[in-house]
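One file, model_20.tsv, is given below (TSV, C-alpha atoms and all ligand atoms).
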```tsv
chain	number	residue	atom	x	y	z
A	1353	MET	CA	-30.74	16.95	43.67
A	1354	THR	CA	-33.10	14.35	42.19
A	1355	ASN	CA	-36.10	15.61	40.24
A	1356	GLY	CA	-38.75	14.56	42.75
A	1357	SER	CA	-41.73	15.28	40.53
A	1358	LYS	CA	-40.89	12.74	37.84
A	1359	LYS	CA	-41.38	8.99	37.97
A	1360	VAL	CA	-39.96	6.25	35.79
A	1361	ALA	CA	-40.76	2.54	35.98
A	1362	VAL	CA	-38.41	-0.12	34.65
A	1363	ILE	CA	-40.07	-3.46	33.94
A	1364	GLY	CA	-37.66	-6.38	34.27
A	1365	ALA	CA	-34.95	-6.18	36.94
A	1366	GLY	CA	-32.50	-8.37	35.03
A	1367	ASN	CA	-29.25	-7.30	33.42
A	1368	VAL	CA	-30.66	-4.64	31.09
A	1369	GLY	CA	-33.36	-3.36	33.47
A	1370	ALA	CA	-31.06	-3.05	36.48
A	1371	THR	CA	-28.39	-1.28	34.40
A	1372	CYS	CA	-31.02	1.14	33.09
A	1373	ALA	CA	-32.37	1.84	36.60
A	1374	PHE	CA	-28.85	2.40	37.94
A	1375	VAL	CA	-27.99	4.88	35.19
A	1376	LEU	CA	-31.30	6.69	35.77
A	1377	ALA	CA	-30.62	6.90	39.51
A	1378	GLU	CA	-27.13	8.26	38.91
A	1379	ARG	CA	-28.49	10.88	36.52
A	1380	LYS	CA	-31.00	11.98	39.18
A	1381	VAL	CA	-33.99	12.05	36.82
A	1382	GLY	CA	-36.64	11.25	39.43
A	1383	GLN	CA	-38.23	8.39	41.34
A	1384	VAL	CA	-37.32	4.95	39.94
A	1385	VAL	CA	-39.52	1.85	40.34
A	1386	LEU	CA	-38.09	-1.53	39.35
A	1387	LEU	CA	-40.71	-4.22	38.66
A	1388	ASP	CA	-40.10	-7.93	38.12
A	1389	ILE	CA	-42.13	-11.12	38.48
A	1390	TYR	CA	-39.54	-12.07	41.11
A	1391	GLU	CA	-40.31	-9.58	43.84
A	1392	GLY	CA	-37.20	-10.18	45.96
A	1393	PHE	CA	-34.99	-9.79	42.89
A	1394	ALA	CA	-36.46	-6.33	42.20
A	1395	LYS	CA	-36.50	-5.28	45.85
A	1396	GLY	CA	-32.95	-6.49	46.50
A	1397	LYS	CA	-31.52	-4.66	43.50
A	1398	ALA	CA	-33.45	-1.49	44.38
A	1399	LEU	CA	-32.09	-1.55	47.93
A	1400	ASP	CA	-28.56	-2.16	46.69
A	1401	MET	CA	-28.87	0.79	44.29
A	1402	SER	CA	-30.33	3.00	47.02
A	1403	GLN	CA	-27.30	2.27	49.18
A	1404	GLY	CA	-25.05	3.06	46.21
A	1405	GLY	CA	-26.44	6.58	46.38
A	1406	GLY	CA	-24.36	7.11	49.51
A	1407	VAL	CA	-21.23	6.28	47.53
A	1408	LEU	CA	-22.02	8.02	44.26
A	1409	ASN	CA	-23.95	10.93	45.72
A	1410	TYR	CA	-27.48	10.50	44.41
A	1411	ASP	CA	-30.67	10.62	46.45
A	1412	GLY	CA	-34.24	9.87	45.61
A	1413	ARG	CA	-36.43	6.86	45.85
A	1414	ILE	CA	-35.52	3.61	44.13
A	1415	THR	CA	-37.98	0.86	44.95
A	1416	GLY	CA	-38.57	-2.73	43.87
A	1417	THR	CA	-41.93	-4.43	43.38
A	1418	LYS	CA	-43.93	-7.05	41.54
A	1419	ASP	CA	-47.15	-5.09	41.84
A	1420	TYR	CA	-48.26	-2.98	38.87
A	1421	ALA	CA	-50.14	-0.60	41.20
A	1422	ASP	CA	-46.69	0.74	42.12
A	1423	ILE	CA	-46.05	2.03	38.59
A	1424	ALA	CA	-49.08	4.35	38.77
A	1425	ASN	CA	-48.41	7.90	37.57
A	1426	SER	CA	-45.15	6.95	35.87
A	1427	ASP	CA	-44.16	9.44	33.20
A	1428	VAL	CA	-42.06	6.83	31.41
A	1429	VAL	CA	-42.08	3.03	31.51
A	1430	VAL	CA	-39.02	1.23	30.17
A	1431	VAL	CA	-39.75	-2.39	29.24
A	1432	THR	CA	-36.82	-4.83	29.47
A	1433	SER	CA	-38.68	-7.95	30.61
A	1434	GLY	CA	-38.10	-10.96	28.42
A	1435	PHE	CA	-35.59	-13.57	27.42
A	1436	PRO	CA	-32.17	-12.56	26.09
A	1437	ARG	CA	-30.42	-14.34	23.24
A	1438	GLN	CA	-28.11	-17.27	23.78
A	1439	PRO	CA	-25.22	-18.18	21.45
A	1440	GLY	CA	-26.47	-19.30	18.02
A	1441	MET	CA	-29.79	-17.49	18.32
A	1442	THR	CA	-31.01	-14.51	16.31
A	1443	ARG	CA	-33.13	-11.89	18.07
A	1444	GLU	CA	-36.06	-13.10	16.00
A	1445	ASP	CA	-35.80	-16.55	17.64
A	1446	LEU	CA	-37.18	-14.89	20.80
A	1447	ILE	CA	-40.47	-13.77	19.23
A	1448	GLY	CA	-42.95	-16.27	20.63
A	1449	LYS	CA	-41.80	-16.30	24.25
A	1450	ASN	CA	-41.25	-12.57	24.47
A	1451	ALA	CA	-44.52	-11.63	22.74
A	1452	ASP	CA	-46.40	-13.35	25.58
A	1453	ILE	CA	-44.41	-11.42	28.17
A	1454	VAL	CA	-44.98	-8.14	26.32
A	1455	SER	CA	-48.75	-8.85	26.19
A	1456	GLN	CA	-48.82	-9.35	29.94
A	1457	VAL	CA	-46.68	-6.29	30.71
A	1458	GLY	CA	-48.63	-4.15	28.22
A	1459	GLU	CA	-51.89	-4.90	30.03
A	1460	GLY	CA	-50.31	-3.80	33.32
A	1461	ILE	CA	-49.06	-0.55	31.79
A	1462	LYS	CA	-52.39	0.17	30.11
A	1463	GLN	CA	-54.23	-0.28	33.38
A	1464	HIS	CA	-51.84	1.41	35.80
A	1465	ALA	CA	-49.80	3.95	33.80
A	1466	PRO	CA	-52.16	4.95	30.99
A	1467	ASN	CA	-50.53	8.33	30.40
A	1468	SER	CA	-46.93	7.14	30.24
A	1469	VAL	CA	-44.54	7.03	27.32
A	1470	VAL	CA	-43.28	3.46	26.82
A	1471	VAL	CA	-39.66	2.78	25.86
A	1472	MET	CA	-39.25	-0.78	24.61
A	1473	VAL	CA	-36.01	-2.75	24.90
A	1474	THR	CA	-37.22	-6.37	24.77
A	1475	ASN	CA	-36.11	-8.19	21.61
A	1476	PRO	CA	-36.83	-8.65	18.78
A	1477	LEU	CA	-37.07	-4.94	19.32
A	1478	ASP	CA	-38.97	-3.54	16.36
A	1479	LEU	CA	-41.56	-6.34	16.50
A	1480	MET	CA	-42.03	-6.12	20.27
A	1481	THR	CA	-42.47	-2.33	20.01
A	1482	TYR	CA	-45.21	-2.80	17.41
A	1483	HIS	CA	-46.83	-5.45	19.60
A	1484	MET	CA	-46.69	-3.21	22.70
A	1485	GLN	CA	-48.45	-0.39	20.85
A	1486	ARG	CA	-51.21	-2.78	19.80
A	1487	VAL	CA	-51.62	-4.20	23.31
A	1488	THR	CA	-51.76	-0.79	25.05
A	1489	GLY	CA	-53.61	1.05	22.29
A	1490	PHE	CA	-51.48	4.13	23.12
A	1491	GLU	CA	-50.86	6.73	20.39
A	1492	HIS	CA	-47.96	5.57	18.24
A	1493	SER	CA	-45.86	8.52	19.40
A	1494	ARG	CA	-46.07	7.24	23.00
A	1495	VAL	CA	-44.53	3.85	22.23
A	1496	VAL	CA	-40.95	3.92	21.01
A	1497	GLY	CA	-38.12	1.41	20.85
A	1498	GLN	CA	-34.48	1.56	21.88
A	1499	ALA	CA	-32.03	0.31	19.31
A	1500	GLY	CA	-30.57	3.08	17.17
A	1501	ILE	CA	-28.73	4.71	20.05
A	1502	LEU	CA	-27.11	1.40	20.92
A	1503	ASP	CA	-26.26	0.50	17.32
A	1504	SER	CA	-24.87	3.98	16.70
A	1505	ALA	CA	-22.86	3.76	19.93
A	1506	ARG	CA	-21.34	0.49	18.74
A	1507	MET	CA	-20.37	2.09	15.43
A	1508	THR	CA	-19.05	5.12	17.30
A	1509	HIS	CA	-16.80	2.93	19.42
A	1510	PHE	CA	-15.34	1.09	16.43
A	1511	ILE	CA	-14.72	4.37	14.56
A	1512	ALA	CA	-13.09	6.00	17.57
A	1513	GLN	CA	-10.82	2.97	17.93
A	1514	SER	CA	-9.82	3.03	14.25
A	1515	VAL	CA	-9.29	6.80	14.03
A	1516	GLY	CA	-7.60	6.88	17.43
A	1517	CYS	CA	-9.88	9.58	18.80
A	1518	SER	CA	-12.39	10.06	21.60
A	1519	ASN	CA	-15.85	8.47	21.42
A	1520	GLU	CA	-17.16	11.90	22.31
A	1521	ASP	CA	-16.14	13.36	18.95
A	1522	VAL	CA	-17.81	10.72	16.79
A	1523	GLN	CA	-21.40	11.05	15.58
A	1524	ALA	CA	-22.42	7.81	13.91
A	1525	MET	CA	-25.81	7.07	12.38
A	1526	VAL	CA	-27.42	3.62	12.16
A	1527	LEU	CA	-30.97	3.18	10.89
A	1528	GLY	CA	-33.25	0.22	10.19
A	1529	GLY	CA	-34.28	-2.76	12.29
A	1530	HIS	CA	-32.30	-3.87	15.33
A	1531	GLY	CA	-31.01	-7.05	13.75
A	1532	ASP	CA	-28.97	-8.37	10.87
A	1533	THR	CA	-30.76	-5.98	8.48
A	1534	MET	CA	-29.70	-2.77	10.27
A	1535	VAL	CA	-28.38	0.01	8.06
A	1536	PRO	CA	-25.19	1.80	9.19
A	1537	LEU	CA	-24.90	5.11	7.32
A	1538	PRO	CA	-21.25	6.18	6.91
A	1539	ARG	CA	-22.39	9.11	4.73
A	1540	TYR	CA	-24.07	10.59	7.81
A	1541	THR	CA	-21.19	9.73	10.14
A	1542	THR	CA	-18.68	12.39	11.15
A	1543	VAL	CA	-15.82	12.95	13.54
A	1544	ASN	CA	-16.52	16.40	14.95
A	1545	GLY	CA	-17.96	17.46	11.60
A	1546	ILE	CA	-15.28	15.76	9.47
A	1547	PRO	CA	-16.83	13.13	7.16
A	1548	VAL	CA	-15.52	9.74	8.29
A	1549	SER	CA	-14.57	9.00	4.66
A	1550	GLN	CA	-11.76	11.58	5.03
A	1551	LEU	CA	-10.26	9.71	7.97
A	1552	LEU	CA	-10.72	6.02	7.13
A	1553	SER	CA	-10.50	3.97	3.92
A	1554	ASP	CA	-13.57	2.46	2.24
A	1555	GLU	CA	-12.39	-0.99	3.37
A	1556	GLU	CA	-12.03	0.12	6.99
A	1557	ILE	CA	-15.48	1.75	6.93
A	1558	GLU	CA	-17.07	-1.37	5.39
A	1559	ALA	CA	-15.49	-3.58	8.06
A	1560	ILE	CA	-16.82	-1.26	10.79
A	1561	CYS	CA	-20.34	-1.35	9.29
A	1562	GLN	CA	-20.28	-5.14	9.30
A	1563	ARG	CA	-18.95	-5.38	12.84
A	1564	THR	CA	-21.64	-2.92	13.96
A	1565	ALA	CA	-24.43	-5.00	12.40
A	1566	SER	CA	-23.23	-8.11	14.22
A	1567	GLY	CA	-22.14	-6.17	17.32
A	1568	GLY	CA	-24.71	-7.75	19.65
A	1569	GLY	CA	-23.93	-11.26	18.37
A	1570	GLU	CA	-20.22	-10.76	19.04
A	1571	ILE	CA	-21.01	-10.09	22.71
A	1572	VAL	CA	-23.49	-12.99	22.99
A	1573	LYS	CA	-20.73	-15.30	21.73
A	1574	LEU	CA	-18.18	-13.99	24.20
A	1575	LEU	CA	-20.54	-14.11	27.18
A	1576	GLU	CA	-21.74	-17.64	26.35
A	1577	LYS	CA	-24.80	-16.92	28.51
A	1578	GLY	CA	-27.18	-14.00	27.91
A	1579	SER	CA	-26.63	-10.85	25.90
A	1580	ALA	CA	-25.23	-7.32	26.18
A	1581	PHE	CA	-26.59	-5.05	28.87
A	1582	TYR	CA	-24.34	-2.14	29.84
A	1583	ALA	CA	-24.72	-0.25	26.56
A	1584	PRO	CA	-28.36	-1.33	25.95
A	1585	GLY	CA	-29.45	-0.41	29.50
A	1586	SER	CA	-27.65	2.95	29.33
A	1587	ALA	CA	-29.16	3.72	25.92
A	1588	ALA	CA	-32.67	3.09	27.27
A	1589	ALA	CA	-31.92	5.39	30.23
A	1590	ILE	CA	-30.84	8.18	27.87
A	1591	MET	CA	-34.15	7.87	26.00
A	1592	ALA	CA	-36.11	7.93	29.26
A	1593	GLU	CA	-34.17	11.01	30.37
A	1594	ALA	CA	-34.87	12.81	27.06
A	1595	ILE	CA	-38.60	12.23	27.60
A	1596	LEU	CA	-38.69	12.98	31.34
A	1597	GLU	CA	-36.78	16.23	30.90
A	1598	ASP	CA	-38.36	17.17	27.56
A	1599	ARG	CA	-34.88	17.44	26.08
A	1600	LYS	CA	-36.04	17.28	22.41
A	1601	ARG	CA	-33.02	15.10	21.63
A	1602	VAL	CA	-32.49	13.97	18.05
A	1603	LEU	CA	-31.87	10.23	18.34
A	1604	PRO	CA	-32.36	7.22	16.10
A	1605	CYS	CA	-35.21	5.21	17.65
A	1606	SER	CA	-37.59	2.49	16.56
A	1607	THR	CA	-40.62	4.54	15.65
A	1608	TYR	CA	-43.93	4.10	13.86
A	1609	LEU	CA	-43.89	5.08	10.20
A	1610	SER	CA	-46.95	6.06	8.25
A	1611	GLY	CA	-45.57	6.94	4.85
A	1612	GLU	CA	-42.15	8.29	5.84
A	1613	TYR	CA	-39.29	6.65	3.94
A	1614	GLY	CA	-41.95	5.02	1.75
A	1615	MET	CA	-43.02	2.64	4.54
A	1616	ASP	CA	-46.29	2.27	6.35
A	1617	ASP	CA	-47.64	0.57	9.48
A	1618	ILE	CA	-44.31	-0.56	10.82
A	1619	TYR	CA	-41.85	0.23	13.62
A	1620	ILE	CA	-38.29	0.73	12.45
A	1621	GLY	CA	-35.22	2.77	13.40
A	1622	VAL	CA	-35.07	6.33	12.03
A	1623	PRO	CA	-34.03	9.67	13.58
A	1624	VAL	CA	-36.70	11.34	15.69
A	1625	VAL	CA	-37.09	14.26	18.09
A	1626	LEU	CA	-37.70	12.81	21.55
A	1627	GLY	CA	-39.43	14.97	24.17
A	1628	LYS	CA	-42.10	14.82	26.86
A	1629	ASP	CA	-44.74	13.48	24.46
A	1630	GLY	CA	-42.48	10.72	23.15
A	1631	VAL	CA	-41.74	10.89	19.43
A	1632	GLU	CA	-42.51	14.51	18.58
A	1633	ARG	CA	-41.24	14.41	15.02
A	1634	VAL	CA	-39.86	11.89	12.55
A	1635	ILE	CA	-36.89	13.27	10.61
A	1636	GLU	CA	-36.68	12.16	6.99
A	1637	LEU	CA	-33.09	12.07	5.82
A	1638	GLU	CA	-32.23	12.37	2.17
A	1639	LEU	CA	-31.02	8.91	1.33
A	1640	ALA	CA	-29.17	7.62	-1.72
A	1641	GLU	CA	-31.04	4.96	-3.70
A	1642	LYS	CA	-29.00	2.11	-2.22
A	1643	GLU	CA	-29.39	3.39	1.34
A	1644	LEU	CA	-33.17	3.70	0.95
A	1645	GLU	CA	-33.32	0.22	-0.60
A	1646	SER	CA	-31.50	-1.23	2.42
A	1647	LEU	CA	-33.80	0.57	4.84
A	1648	GLN	CA	-36.92	-0.55	3.00
A	1649	GLY	CA	-35.49	-4.08	2.78
A	1650	SER	CA	-35.13	-4.08	6.56
A	1651	GLY	CA	-38.73	-2.87	6.83
A	1652	SER	CA	-40.04	-5.61	4.51
A	1653	PHE	CA	-38.27	-8.27	6.59
A	1654	TYR	CA	-40.05	-7.13	9.76
A	1655	LYS	CA	-43.37	-6.61	7.98
A	1656	GLU	CA	-43.30	-10.27	6.95
A	1657	GLN	CA	-42.54	-11.38	10.48
A	1658	LEU	CA	-45.34	-9.22	11.88
A	1659	SER	CA	-47.88	-10.94	9.70
A	1660	GLU	CA	-46.46	-14.48	9.58
A	1661	ILE	CA	-45.52	-14.89	13.25
A	1662	LEU	CA	-47.52	-12.33	15.20
A	1663	GLY	CA	-50.58	-12.40	12.93
A	1664	TYR	CA	-50.78	-8.63	12.31
B	1	LIG	N1	-42.99	-9.39	33.96
B	1	LIG	C1	-41.94	-8.77	34.56
B	1	LIG	N2	-40.68	-9.22	34.47
B	1	LIG	C2	-40.47	-10.33	33.77
B	1	LIG	C3	-41.52	-11.02	33.11
B	1	LIG	C4	-42.83	-10.50	33.23
B	1	LIG	N3	-43.85	-11.09	32.66
B	1	LIG	N4	-40.98	-12.10	32.48
B	1	LIG	C5	-39.65	-12.07	32.71
B	1	LIG	N5	-39.35	-11.01	33.50
B	1	LIG	C6	-38.03	-10.61	34.02
B	1	LIG	C7	-37.19	-11.78	34.47
B	1	LIG	O1	-37.58	-12.22	35.75
B	1	LIG	C8	-35.78	-11.18	34.44
B	1	LIG	O2	-35.42	-10.63	35.70
B	1	LIG	O3	-37.25	-10.02	32.98
B	1	LIG	C9	-35.88	-10.06	33.39
B	1	LIG	C10	-35.00	-10.30	32.19
B	1	LIG	O4	-33.69	-10.19	32.62
B	1	LIG	P1	-32.48	-11.03	31.98
B	1	LIG	O5	-32.85	-12.45	31.88
B	1	LIG	O6	-31.24	-10.64	32.73
B	1	LIG	O7	-32.40	-10.48	30.46
B	1	LIG	P2	-31.69	-9.13	29.98
B	1	LIG	O8	-30.30	-9.41	29.59
B	1	LIG	O9	-31.97	-8.05	30.94
B	1	LIG	O10	-32.49	-8.86	28.62
B	1	LIG	C11	-33.85	-8.47	28.65
B	1	LIG	O11	-33.65	-6.99	26.77
B	1	LIG	O12	-31.94	-6.51	25.26
B	1	LIG	C12	-33.10	-7.27	25.50
B	1	LIG	O13	-32.72	-9.28	24.21
B	1	LIG	C13	-32.84	-8.76	25.51
B	1	LIG	O14	-35.15	-9.44	25.35
B	1	LIG	C14	-34.05	-9.27	26.24
B	1	LIG	C15	-34.33	-8.16	27.25
```

If you took the structure in this file and wrote it as structure tokens, what would it be?
Amino acid sequence: MTNGSKKVAVIGAGNVGATCAFVLAERKVGQVVLLDIYEGFAKGKALDMSQGGGVLNYDGRITGTKDYADIANSDVVVVTSGFPRQPGMTREDLIGKNADIVSQVGEGIKQHAPNSVVVMVTNPLDLMTYHMQRVTGFEHSRVVGQAGILDSARMTHFIAQSVGCSNEDVQAMVLGGHGDTMVPLPRYTTVNGIPVSQLLSDEEIEAICQRTASGGGEIVKLLEKGSAFYAPGSAAAIMAEAILEDRKRVLPCSTYLSGEYGMDDIYIGVPVVLGKDGVERVIELELAEKELESLQGSGSFYKEQLSEILGY
């Protein structure tokens, strides 16, 4: 049975947005609205997904629209609208074009879903999350970015492959910005409680950390057109579900820091408790000097970009 009292809007009906909406529909979290500038694109995908309910046994309303009035009363808005990377591009190369889209979408959310929690997916993630908070003026806790779940899932997959175990038994932790400066944390990574260092060599772990950091780029190169969407869309859906169902999940998310980890006025990936009010608590891990340096280095990189490119 779908939770009829909850409503989630997904902005952008492209690869990431449609995947996210599909996962949300399958998990029966509530009413799903898919919004895109191309109305037929959103409506067509919503109809296709609605018909899929007959195959996969979910009900509920999945609708497509280009009209922001239709996102009214959404509890959560997931924002995926924007350009994806192409081969040879960094996520930061998307700043200018995607900042304009985020400004436009943010105005629509502010006007029509003023009480929602916003989950950002558009890249460059940490910068676009900061920008969205500024555009909407929402409390910082109600604007949060998806990246850590995806980056940790990538690390999880590589560890499971190397150990020869199930993904389900790996808990990996990746902090920092969603880009080349991300900070995989093997010290906080376990296989059902067993420190990963007892199962893999230092060299194997280092290779996994590197492959995780360039995990998105590896897919962009293979696809030759566009970027990853199954894992990113699913990760955004899991965040939306945690908020809609007040699950209080502990997940690494791009969140606003005001002093935690020695950083201020920045969005960056750290573990948080995610519930109905968005980010309900930031968890401060005890980090070794080198780990903290890497995290703060990632923060400084984005801080520079915020001021130099976005003028904050
Ligand atoms: N309002 C609503 N939708 C928009 C707007 C806008 N102003 N501008 C663009 N879109 C829509 C496009 O019409 C398109 O359907 O956003 C969608 C983007 O879909 P894709 O091109 O398939 O891109 P996708 O792979 O989904 O990536 C979207 O997520 O992971 C990030 O880096 C990725 O920034 C990119 C975003």

Cut-off 9 Å: closest stretch 1587-1650 of chain A/stretch 1532-1546 of chain A atom pairs per residue, using only C-alpha atoms, as CSV:
```
residue,atom,partner,partner_atom,distance
A:Gly1621,CA,A:Met1534,CA,8.4
A:Glu1643,CA,A:Val1535,CA,7.6
A:Ser1646,CA,A:Val1535,CA,6.6
A:Leu1647,CA,A:Val1535,CA,6.3
A:Gly1649,CA,A:Thr1533,CA,7.6
A:Ser1650,CA,A:Thr1533,CA,5.1
```

Give as a PyMOL selection string each residue that has an atom at most 9 Å from (-43.3, -4.9, 43.8) in the file, counting only C-alpha atoms. chain A and resi 1385-1392+1394-1395+1415-1422

Any idea what the distance is between atom CA of A:Ala1592 and atom CA of A:Gly1382? 10.7 Å

Could you list, as a ChimeraX atom specification, all residues that come within 9 Å of ligand LIG 1 (chain B)? Count only C-alpha atoms and all ligand atoms. /A:1363-1371,1387-1391,1393-1394,1418,1431-1437,1443,1446,1450,1452-1457,1472-1477,1578-1581,1584-1585

If we count only C-alpha atoms, what is near A:Gly1516 at a cut-off of 12 Å, once residues fewer than 6 positions away on the same chain are taken out, given as a list in words? Thr1508, His1509, Phe1510, Val1522, Val1543, Leu1551 and Leu1552 of chain A

Could you pull the residues within 8 Å of A:His1492, counting all atoms listed in the file, minus those fewer than 6 positions along the same chain, as a VMD selection string? chain A and resid 1485 1607 to 1608

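In this comparison, which uses only C-alpha atoms, the residue of A:Met1591, A:Ile1618, A:Ile1423, A:Met1484 approaching A:Glu1656 most closely is A:Ile1618.
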
Suppose you want the space between atom CA of A:Thr1481 and atom CA of A:Lys1577; what is it in Å? 24.4 Å

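Between A:Thr1564 and the candidates A:Val1625, A:Glu1593, A:Glu1638, A:Gly1500, the tightest atom-to-atom separation, counting only C-alpha atoms, involves A:Gly1500.
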